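File shown: upload-v5.cif (mmCIF, C-alpha atoms and all ligand atoms).
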data_work
#
loop_
_atom_site.group_PDB
_atom_site.id
_atom_site.type_symbol
_atom_site.label_atom_id
_atom_site.label_comp_id
_atom_site.auth_asym_id
_atom_site.auth_seq_id
_atom_site.Cartn_x
_atom_site.Cartn_y
_atom_site.Cartn_z
ATOM 1 C CA MET J 1 58.980 -10.433 -29.843
ATOM 2 C CA ASN J 2 59.359 -10.782 -33.606
ATOM 3 C CA ASN J 3 57.565 -13.167 -35.855
ATOM 4 C CA ALA J 4 59.422 -14.589 -38.818
ATOM 5 C CA THR J 5 56.602 -14.161 -41.276
ATOM 6 C CA HIS J 6 58.839 -14.705 -44.301
ATOM 7 C CA ILE J 7 61.714 -17.170 -44.024
ATOM 8 C CA ALA J 8 64.203 -17.649 -46.844
ATOM 9 C CA ILE J 9 66.772 -20.436 -46.959
ATOM 10 C CA ILE J 10 69.920 -20.845 -49.053
ATOM 11 C CA MET J 11 70.017 -24.621 -49.036
ATOM 12 C CA ASP J 12 73.749 -25.187 -49.405
ATOM 13 C CA GLY J 13 76.011 -28.149 -48.753
ATOM 14 C CA ASN J 14 74.279 -31.037 -50.540
ATOM 15 C CA GLY J 15 77.309 -31.964 -52.628
ATOM 16 C CA ARG J 16 79.762 -31.877 -49.718
ATOM 17 C CA TRP J 17 77.372 -33.939 -47.600
ATOM 18 C CA ALA J 18 77.425 -36.703 -50.210
ATOM 19 C CA GLU J 19 81.176 -36.481 -50.866
ATOM 20 C CA LEU J 20 81.911 -36.818 -47.144
ATOM 21 C CA GLN J 21 80.200 -40.200 -47.313
ATOM 22 C CA ASP J 22 81.904 -41.251 -50.536
ATOM 23 C CA MET J 23 78.692 -40.881 -52.444
ATOM 24 C CA LYS J 24 78.063 -39.032 -55.683
ATOM 25 C CA ARG J 25 77.101 -35.373 -55.267
ATOM 26 C CA VAL J 26 73.627 -36.023 -56.653
ATOM 27 C CA LYS J 27 72.827 -38.253 -53.668
ATOM 28 C CA GLY J 28 73.180 -35.099 -51.601
ATOM 29 C CA HIS J 29 70.579 -33.355 -53.729
ATOM 30 C CA GLU J 30 68.196 -36.272 -53.181
ATOM 31 C CA ALA J 31 68.743 -36.102 -49.451
ATOM 32 C CA GLY J 32 68.258 -32.328 -49.607
ATOM 33 C CA ALA J 33 64.875 -32.779 -51.292
ATOM 34 C CA ASN J 34 63.690 -34.819 -48.304
ATOM 35 C CA VAL J 35 64.717 -31.993 -45.987
ATOM 36 C CA VAL J 36 62.770 -29.530 -48.155
ATOM 37 C CA ARG J 37 59.677 -31.648 -47.530
ATOM 38 C CA GLU J 38 60.226 -31.748 -43.761
ATOM 39 C CA ILE J 39 60.943 -28.036 -43.422
ATOM 40 C CA THR J 40 57.958 -27.140 -45.592
ATOM 41 C CA THR J 41 55.578 -29.270 -43.541
ATOM 42 C CA TYR J 42 56.991 -27.804 -40.333
ATOM 43 C CA CYS J 43 56.493 -24.243 -41.592
ATOM 44 C CA SER J 44 52.991 -24.991 -42.848
ATOM 45 C CA ASN J 45 52.054 -26.100 -39.333
ATOM 46 C CA HIS J 46 53.529 -22.989 -37.751
ATOM 47 C CA LYS J 47 50.877 -20.315 -37.347
ATOM 48 C CA ASP J 48 53.215 -17.301 -37.683
ATOM 49 C CA ILE J 49 55.050 -18.358 -40.843
ATOM 50 C CA GLU J 50 53.357 -17.167 -44.022
ATOM 51 C CA ARG J 51 56.102 -17.630 -46.587
ATOM 52 C CA LEU J 52 59.018 -19.965 -47.102
ATOM 53 C CA THR J 53 61.307 -19.133 -50.006
ATOM 54 C CA LEU J 54 63.898 -21.764 -50.859
ATOM 55 C CA TYR J 55 66.894 -21.320 -53.141
ATOM 56 C CA ALA J 56 66.884 -24.446 -55.279
ATOM 57 C CA PHE J 57 68.732 -23.490 -58.491
ATOM 58 C CA SER J 58 70.558 -20.251 -59.211
ATOM 59 C CA THR J 59 71.160 -18.481 -62.504
ATOM 60 C CA GLU J 60 74.811 -19.397 -61.944
ATOM 61 C CA ASN J 61 74.222 -23.095 -61.283
ATOM 62 C CA TRP J 62 74.126 -23.806 -65.052
ATOM 63 C CA LYS J 63 77.930 -23.677 -64.830
ATOM 64 C CA ARG J 64 77.947 -27.062 -63.127
ATOM 65 C CA PRO J 65 78.714 -30.322 -64.960
ATOM 66 C CA ARG J 66 75.974 -31.223 -67.439
ATOM 67 C CA LEU J 67 75.094 -34.464 -65.649
ATOM 68 C CA GLU J 68 74.586 -32.711 -62.308
ATOM 69 C CA VAL J 69 72.362 -30.078 -63.936
ATOM 70 C CA GLU J 70 70.350 -32.779 -65.724
ATOM 71 C CA PHE J 71 69.949 -34.680 -62.477
ATOM 72 C CA LEU J 72 68.721 -31.562 -60.682
ATOM 73 C CA MET J 73 66.125 -30.940 -63.407
ATOM 74 C CA LYS J 74 64.835 -34.511 -63.162
ATOM 75 C CA LEU J 75 64.811 -34.365 -59.374
ATOM 76 C CA LEU J 76 62.798 -31.150 -59.449
ATOM 77 C CA GLU J 77 60.242 -32.616 -61.829
ATOM 78 C CA ARG J 78 59.927 -35.792 -59.756
ATOM 79 C CA TYR J 79 59.697 -33.807 -56.538
ATOM 80 C CA LEU J 80 56.924 -31.504 -57.747
ATOM 81 C CA LYS J 81 54.828 -34.342 -59.176
ATOM 82 C CA LYS J 82 55.156 -36.347 -55.975
ATOM 83 C CA GLU J 83 54.542 -33.374 -53.690
ATOM 84 C CA LEU J 84 51.338 -32.064 -55.275
ATOM 85 C CA PRO J 85 49.062 -34.159 -52.989
ATOM 86 C CA GLU J 86 51.083 -32.975 -49.963
ATOM 87 C CA TYR J 87 50.712 -29.325 -50.995
ATOM 88 C CA LEU J 88 46.969 -29.824 -51.302
ATOM 89 C CA LYS J 89 46.680 -31.788 -48.057
ATOM 90 C CA ASN J 90 48.570 -29.105 -46.133
ATOM 91 C CA ASN J 91 46.901 -26.178 -47.927
ATOM 92 C CA ILE J 92 50.261 -24.948 -49.278
ATOM 93 C CA ARG J 93 50.389 -22.600 -52.265
ATOM 94 C CA PHE J 94 53.322 -23.167 -54.593
ATOM 95 C CA GLU J 95 54.740 -20.003 -56.149
ATOM 96 C CA PRO J 96 57.952 -20.417 -58.141
ATOM 97 C CA ILE J 97 60.275 -17.452 -58.632
ATOM 98 C CA GLY J 98 63.034 -17.078 -61.222
ATOM 99 C CA ASP J 99 63.181 -17.091 -64.995
ATOM 100 C CA LEU J 100 61.423 -20.343 -65.854
ATOM 101 C CA ARG J 101 61.826 -19.901 -69.615
ATOM 102 C CA ALA J 102 65.215 -21.601 -69.469
ATOM 103 C CA PHE J 103 63.702 -24.944 -68.459
ATOM 104 C CA SER J 104 62.447 -27.717 -70.743
ATOM 105 C CA LYS J 105 58.821 -27.475 -71.855
ATOM 106 C CA SER J 106 57.948 -30.531 -69.800
ATOM 107 C CA LEU J 107 59.467 -29.100 -66.612
ATOM 108 C CA GLN J 108 57.806 -25.736 -67.260
ATOM 109 C CA LYS J 109 54.482 -27.548 -67.571
ATOM 110 C CA THR J 110 54.965 -29.452 -64.304
ATOM 111 C CA ILE J 111 55.878 -26.205 -62.536
ATOM 112 C CA SER J 112 52.860 -24.326 -63.883
ATOM 113 C CA ASP J 113 50.521 -27.294 -63.169
ATOM 114 C CA VAL J 114 51.510 -27.390 -59.502
ATOM 115 C CA LYS J 115 51.245 -23.611 -59.315
ATOM 116 C CA GLU J 116 47.757 -23.581 -60.847
ATOM 117 C CA LYS J 117 46.459 -26.527 -58.845
ATOM 118 C CA THR J 118 47.489 -24.880 -55.579
ATOM 119 C CA THR J 119 46.388 -21.277 -56.284
ATOM 120 C CA HIS J 120 43.324 -21.729 -54.075
ATOM 121 C CA CYS J 121 45.411 -22.845 -51.078
ATOM 122 C CA ASP J 122 45.611 -20.135 -48.458
ATOM 123 C CA GLY J 123 48.065 -21.601 -45.949
ATOM 124 C CA LEU J 124 51.845 -21.355 -46.251
ATOM 125 C CA VAL J 125 53.247 -20.024 -49.530
ATOM 126 C CA GLN J 126 56.228 -22.132 -50.551
ATOM 127 C CA SER J 127 58.342 -20.408 -53.173
ATOM 128 C CA LEU J 128 61.070 -22.358 -54.907
ATOM 129 C CA ALA J 129 63.697 -20.136 -56.485
ATOM 130 C CA LEU J 130 64.386 -21.790 -59.845
ATOM 131 C CA ASN J 131 66.870 -20.349 -62.309
ATOM 132 C CA TYR J 132 66.756 -17.470 -59.884
ATOM 133 C CA GLY J 133 69.325 -14.727 -59.436
ATOM 134 C CA SER J 134 68.608 -11.471 -57.690
ATOM 135 C CA GLN J 135 70.470 -9.406 -60.258
ATOM 136 C CA ASP J 136 68.564 -11.079 -63.083
ATOM 137 C CA GLU J 137 65.258 -10.554 -61.221
ATOM 138 C CA ILE J 138 65.995 -6.842 -60.712
ATOM 139 C CA LEU J 139 66.988 -6.400 -64.361
ATOM 140 C CA ARG J 140 63.842 -8.157 -65.581
ATOM 141 C CA GLY J 141 61.813 -6.002 -63.185
ATOM 142 C CA VAL J 142 63.389 -2.746 -64.351
ATOM 143 C CA ASN J 143 62.844 -3.691 -67.985
ATOM 144 C CA LYS J 144 59.159 -4.338 -67.290
ATOM 145 C CA ILE J 145 58.611 -0.815 -65.967
ATOM 146 C CA LYS J 146 61.270 1.240 -67.739
ATOM 147 C CA ASN J 147 58.862 2.829 -70.207
ATOM 148 C CA CYS J 148 56.721 4.317 -67.473
ATOM 149 C CA GLU J 149 56.433 8.078 -67.933
ATOM 150 C CA TYR J 150 57.147 8.822 -64.246
ATOM 151 C CA ASP J 151 60.202 8.144 -62.098
ATOM 152 C CA ILE J 152 60.295 4.565 -60.867
ATOM 153 C CA THR J 153 59.435 4.329 -57.172
ATOM 154 C CA GLN J 154 60.525 1.749 -54.615
ATOM 155 C CA GLU J 155 57.013 0.317 -54.594
ATOM 156 C CA MET J 156 56.918 0.026 -58.385
ATOM 157 C CA LEU J 157 60.185 -1.866 -58.496
ATOM 158 C CA SER J 158 59.148 -4.098 -55.595
ATOM 159 C CA ASN J 159 55.978 -5.016 -57.426
ATOM 160 C CA ALA J 160 57.870 -5.746 -60.632
ATOM 161 C CA LEU J 161 60.040 -8.377 -58.920
ATOM 162 C CA ASP J 162 59.234 -12.105 -58.862
ATOM 163 C CA CYS J 163 59.300 -12.028 -55.054
ATOM 164 C CA LYS J 164 57.399 -8.985 -53.819
ATOM 165 C CA HIS J 165 57.815 -9.643 -50.112
ATOM 166 C CA ASN J 166 60.516 -8.521 -47.710
ATOM 167 C CA VAL J 167 62.394 -11.310 -45.980
ATOM 168 C CA ASP J 168 62.390 -11.388 -42.173
ATOM 169 C CA LEU J 169 64.794 -14.236 -41.579
ATOM 170 C CA LEU J 170 67.399 -15.500 -44.025
ATOM 171 C CA ILE J 171 69.254 -18.712 -43.255
ATOM 172 C CA ARG J 172 72.220 -20.177 -45.135
ATOM 173 C CA THR J 173 73.328 -23.713 -44.366
ATOM 174 C CA GLY J 174 76.672 -25.177 -45.447
ATOM 175 C CA GLY J 175 79.128 -22.901 -43.645
ATOM 176 C CA ASP J 176 79.637 -20.079 -46.158
ATOM 177 C CA HIS J 177 78.810 -16.495 -45.297
ATOM 178 C CA ARG J 178 77.499 -15.061 -48.538
ATOM 179 C CA LEU J 179 74.215 -14.448 -50.286
ATOM 180 C CA SER J 180 75.132 -15.894 -53.698
ATOM 181 C CA ASN J 181 72.710 -13.603 -55.557
ATOM 182 C CA PHE J 182 69.643 -14.529 -53.472
ATOM 183 C CA LEU J 183 66.882 -12.006 -52.635
ATOM 184 C CA LEU J 184 69.264 -9.033 -52.389
ATOM 185 C CA TRP J 185 66.512 -6.403 -52.626
ATOM 186 C CA GLN J 186 64.058 -8.243 -50.387
ATOM 187 C CA SER J 187 66.657 -8.910 -47.665
ATOM 188 C CA ALA J 188 67.446 -5.228 -47.043
ATOM 189 C CA TYR J 189 66.437 -5.657 -43.382
ATOM 190 C CA ALA J 190 66.456 -9.432 -43.040
ATOM 191 C CA GLU J 191 68.127 -11.009 -40.030
ATOM 192 C CA LEU J 192 70.903 -13.262 -41.318
ATOM 193 C CA PHE J 193 71.713 -16.664 -39.829
ATOM 194 C CA PHE J 194 74.611 -18.744 -41.144
ATOM 195 C CA CYS J 195 74.997 -22.296 -39.916
ATOM 196 C CA ASP J 196 77.675 -24.896 -40.597
ATOM 197 C CA THR J 197 75.198 -27.754 -40.934
ATOM 198 C CA LEU J 198 75.173 -29.153 -44.465
ATOM 199 C CA PHE J 199 71.647 -28.890 -45.830
ATOM 200 C CA PRO J 200 70.814 -32.643 -45.832
ATOM 201 C CA ASP J 201 71.569 -32.630 -42.077
ATOM 202 C CA PHE J 202 69.452 -29.540 -41.376
ATOM 203 C CA THR J 203 66.512 -30.396 -39.131
ATOM 204 C CA THR J 204 63.308 -28.754 -37.979
ATOM 205 C CA ASN J 205 64.909 -28.780 -34.512
ATOM 206 C CA GLU J 206 67.697 -26.527 -35.741
ATOM 207 C CA LEU J 207 65.168 -24.287 -37.471
ATOM 208 C CA GLU J 208 63.190 -24.061 -34.241
ATOM 209 C CA LYS J 209 66.333 -22.955 -32.368
ATOM 210 C CA ILE J 210 66.998 -20.253 -34.968
ATOM 211 C CA LEU J 211 63.375 -19.078 -34.699
ATOM 212 C CA LYS J 212 63.765 -18.780 -30.921
ATOM 213 C CA LYS J 213 66.892 -16.612 -31.340
ATOM 214 C CA PHE J 214 65.219 -14.554 -34.052
ATOM 215 C CA LYS J 215 62.275 -13.788 -31.784
ATOM 216 C CA LYS J 216 64.575 -12.060 -29.291
ATOM 217 C CA ILE J 217 66.376 -9.806 -31.779
ATOM 218 C CA GLU J 218 65.585 -6.144 -31.576
ATOM 219 C CA ARG J 219 64.776 -5.050 -35.132
ATOM 220 C CA ARG J 220 65.061 -1.299 -35.480
ATOM 221 C CA PHE J 221 64.810 -0.731 -39.253
ATOM 222 C CA GLY J 222 66.994 2.319 -38.899
ATOM 223 C CA GLY J 223 64.949 3.843 -36.105
ATOM 224 C CA LEU J 224 65.635 3.834 -32.388
ATOM 225 C CA LYS J 225 64.403 1.412 -29.791
HETATM 226 C C1 LIG G 1 73.154 -26.618 -52.879
HETATM 227 O O1 LIG G 1 74.125 -27.567 -52.582
HETATM 228 C C2 LIG G 1 72.192 -27.103 -53.917
HETATM 229 C C3 LIG G 1 72.330 -26.459 -55.231
HETATM 230 C C4 LIG G 1 73.109 -25.459 -55.499
HETATM 231 C C5 LIG G 1 71.517 -26.989 -56.299
HETATM 232 P P1 LIG G 1 75.488 -27.631 -53.392
HETATM 233 O O2 LIG G 1 75.307 -28.523 -54.574
HETATM 234 O O3 LIG G 1 75.972 -26.267 -53.715
HETATM 235 O O4 LIG G 1 76.428 -28.333 -52.359
HETATM 236 P P2 LIG G 1 77.943 -27.932 -52.054
HETATM 237 O O5 LIG G 1 77.928 -26.497 -51.631
HETATM 238 O O6 LIG G 1 78.719 -28.168 -53.296
HETATM 239 O O7 LIG G 1 78.310 -28.853 -50.937
HETATM 240 C C1 LIG G 2 73.695 -21.170 -53.747
HETATM 241 O O1 LIG G 2 74.584 -22.190 -53.561
HETATM 242 C C2 LIG G 2 72.596 -21.615 -54.686
HETATM 243 C C3 LIG G 2 71.647 -22.575 -54.126
HETATM 244 C C4 LIG G 2 71.625 -23.007 -52.902
HETATM 245 C C5 LIG G 2 70.654 -23.026 -55.057
HETATM 246 P P1 LIG G 2 75.907 -22.310 -54.466
HETATM 247 O O2 LIG G 2 76.635 -23.498 -53.971
HETATM 248 O O3 LIG G 2 75.542 -22.295 -55.896
HETATM 249 O O4 LIG G 2 76.668 -20.973 -54.116
HETATM 250 P P2 LIG G 2 78.199 -20.605 -54.195
HETATM 251 O O5 LIG G 2 78.682 -20.976 -55.551
HETATM 252 O O6 LIG G 2 78.877 -21.389 -53.129
HETATM 253 O O7 LIG G 2 78.247 -19.137 -53.915
HETATM 254 MG MG MG G 3 77.183 -24.936 -52.746
#

Go ahead and express the file in the form of structure tokens.
Amino acid sequence: MNNATHIAIIMDGNGRWAELQDMKRVKGHEAGANVVREITTYCSNHKDIERLTLYAFSTENWKRPRLEVEFLMKLLERYLKKELPEYLKNNIRFEPIGDLRAFSKSLQKTISDVKEKTTHCDGLVQSLALNYGSQDEILRGVNKIKNCEYDITQEMLSNALDCKHNVDLLIRTGGDHRLSNFLLWQSAYAELFFCDTLFPDFTTNELEKILKKFKKIERRFGGLK
């Protein structure tokens, strides 16, 4: 039986969820934020899950209309400020990944405050991927170590990435079957689950069902049974 020690989720389908109900797309992002809270609490209460990495804003999402991007930035700031007591109560460490330099000073400060105030927490690690793109992460990583006098090893590159941990289980909601530049290196041997549920409708029940299926998969990592 496998344990999904590191779960990663591509939280897709917020906009469509809202549009289906004749609401503005941003309402879907708000609803999605509530699901983030529920899933995070669920994972923090699950003894086998150590890490939950959630794709919240990609390096490509800046292409969206200015108002949607601005809304997402405000939502993120509001979310983090409101969640800090919950992180502390549930012993959750917050570790953002992505290139945070693109964000406003005020948002950067909120992100680093929550990170610092939860560094002592030793329960679940919740990573939000913010201005994150796997290709950008790998490039930044390579540039950090390129002047090393030896050949770069797999371990060196792994350690130079924002997310240094292999993914066990990768879930994408919203019906599309692609990775959209998320954790490409870390998902080399991840089990992939794609579900049609739009993220605001994703429940801990559905996650539990996926975890049950995951447990039964035979993971061979290139070897034999
Ligand atoms: C995912 O939902 C959230 C972000 C990318 C910020 P979308 O906003 O992509 O929702 P759809 O895919 O358009 O429905
Ligand atoms: C992936 O969703 C990014 C996040 C969930 C943050 P997108 O909606 O941006 O991905 P594409 O454009 O459908 O590939
Ligand atoms: Mg989408």

Might you spell out which residues the PyMOL selection byres (((not hetatm)) within 6 of (chain G and resi 1)) would select in the displayed file, as a ChimeraX atom specification?
/J:11-16,56-57

From the list J:Gly98, J:Gly175, J:Gly141, J:Gly28, which residue is nearest Ile10 of chain J when using all atoms listed in the file?
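With all atoms listed in the file as the atom set, the closest residue is J:Gly175.
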
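Put simply, atom CA of Ala18 of chain J is 12.0 Å away from atom MG of ligand MG 3 (chain G).
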
Can you spell out as a short mmCIF file (atom, residue, chain, number, x, y, z; two decimals) with C-alpha atoms, in the frame of the given file the set of residues that the PyMOL selection byres (((chain J and resi 200-202) around 12) and not hetatm) selects in the structure I just provided?
data_model
loop_
_atom_site.label_atom_id
_atom_site.label_comp_id
_atom_site.auth_asym_id
_atom_site.auth_seq_id
_atom_site.Cartn_x
_atom_site.Cartn_y
_atom_site.Cartn_z
CA ILE J 9 66.77 -20.44 -46.96
CA ILE J 10 69.92 -20.84 -49.05
CA MET J 11 70.02 -24.62 -49.04
CA ASP J 12 73.75 -25.19 -49.40
CA GLY J 13 76.01 -28.15 -48.75
CA ASN J 14 74.28 -31.04 -50.54
CA GLY J 15 77.31 -31.96 -52.63
CA ARG J 16 79.76 -31.88 -49.72
CA TRP J 17 77.37 -33.94 -47.60
CA ALA J 18 77.42 -36.70 -50.21
CA LEU J 20 81.91 -36.82 -47.14
CA ARG J 25 77.10 -35.37 -55.27
CA VAL J 26 73.63 -36.02 -56.65
CA LYS J 27 72.83 -38.25 -53.67
CA GLY J 28 73.18 -35.10 -51.60
CA HIS J 29 70.58 -33.35 -53.73
CA GLU J 30 68.20 -36.27 -53.18
CA ALA J 31 68.74 -36.10 -49.45
CA GLY J 32 68.26 -32.33 -49.61
CA ALA J 33 64.88 -32.78 -51.29
CA ASN J 34 63.69 -34.82 -48.30
CA VAL J 35 64.72 -31.99 -45.99
CA VAL J 36 62.77 -29.53 -48.16
CA ARG J 37 59.68 -31.65 -47.53
CA GLU J 38 60.23 -31.75 -43.76
CA ILE J 39 60.94 -28.04 -43.42
CA ILE J 171 69.25 -18.71 -43.26
CA ARG J 172 72.22 -20.18 -45.14
CA THR J 173 73.33 -23.71 -44.37
CA GLY J 174 76.67 -25.18 -45.45
CA GLY J 175 79.13 -22.90 -43.64
CA PHE J 194 74.61 -18.74 -41.14
CA CYS J 195 75.00 -22.30 -39.92
CA ASP J 196 77.68 -24.90 -40.60
CA THR J 197 75.20 -27.75 -40.93
CA LEU J 198 75.17 -29.15 -44.46
CA PHE J 199 71.65 -28.89 -45.83
CA THR J 203 66.51 -30.40 -39.13
CA THR J 204 63.31 -28.75 -37.98
CA ASN J 205 64.91 -28.78 -34.51
CA GLU J 206 67.70 -26.53 -35.74
CA LEU J 207 65.17 -24.29 -37.47
CA GLU J 208 63.19 -24.06 -34.24
CA LYS J 209 66.33 -22.96 -32.37
CA ILE J 210 67.00 -20.25 -34.97
#

Mind checking which residues fall within 7 Å of segment 214-224 of chain J, counting all atoms listed in the file, ignoring those fewer than 5 positions away in the same chain, and posting them as a list in words?
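The neighbour list is Met1, Asn2, Asn3 and Tyr189 of chain J.
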
Those same residues, written as an mmCIF file, in the frame of the given file with C-alpha atoms?
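Below you can see out_3.cif, which holds the result:
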data_model
loop_
_atom_site.group_PDB
_atom_site.id
_atom_site.type_symbol
_atom_site.label_atom_id
_atom_site.label_comp_id
_atom_site.auth_asym_id
_atom_site.auth_seq_id
_atom_site.Cartn_x
_atom_site.Cartn_y
_atom_site.Cartn_z
ATOM 1 C CA MET J 1 58.980 -10.433 -29.843
ATOM 2 C CA ASN J 2 59.359 -10.782 -33.606
ATOM 3 C CA ASN J 3 57.565 -13.167 -35.855
ATOM 4 C CA TYR J 189 66.437 -5.657 -43.382
#

Could you tell me which residues the PyMOL selection byres (((chain J and resi 42-54) around 6) and not hetatm) returns for this structure, as a ChimeraX atom specification?
/J:5-9,39-41,55-56,124-129

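When atom CA of Ala4 of chain J is paired with atom CA of Leu157 of chain J, their separation reads 23.4 Å.
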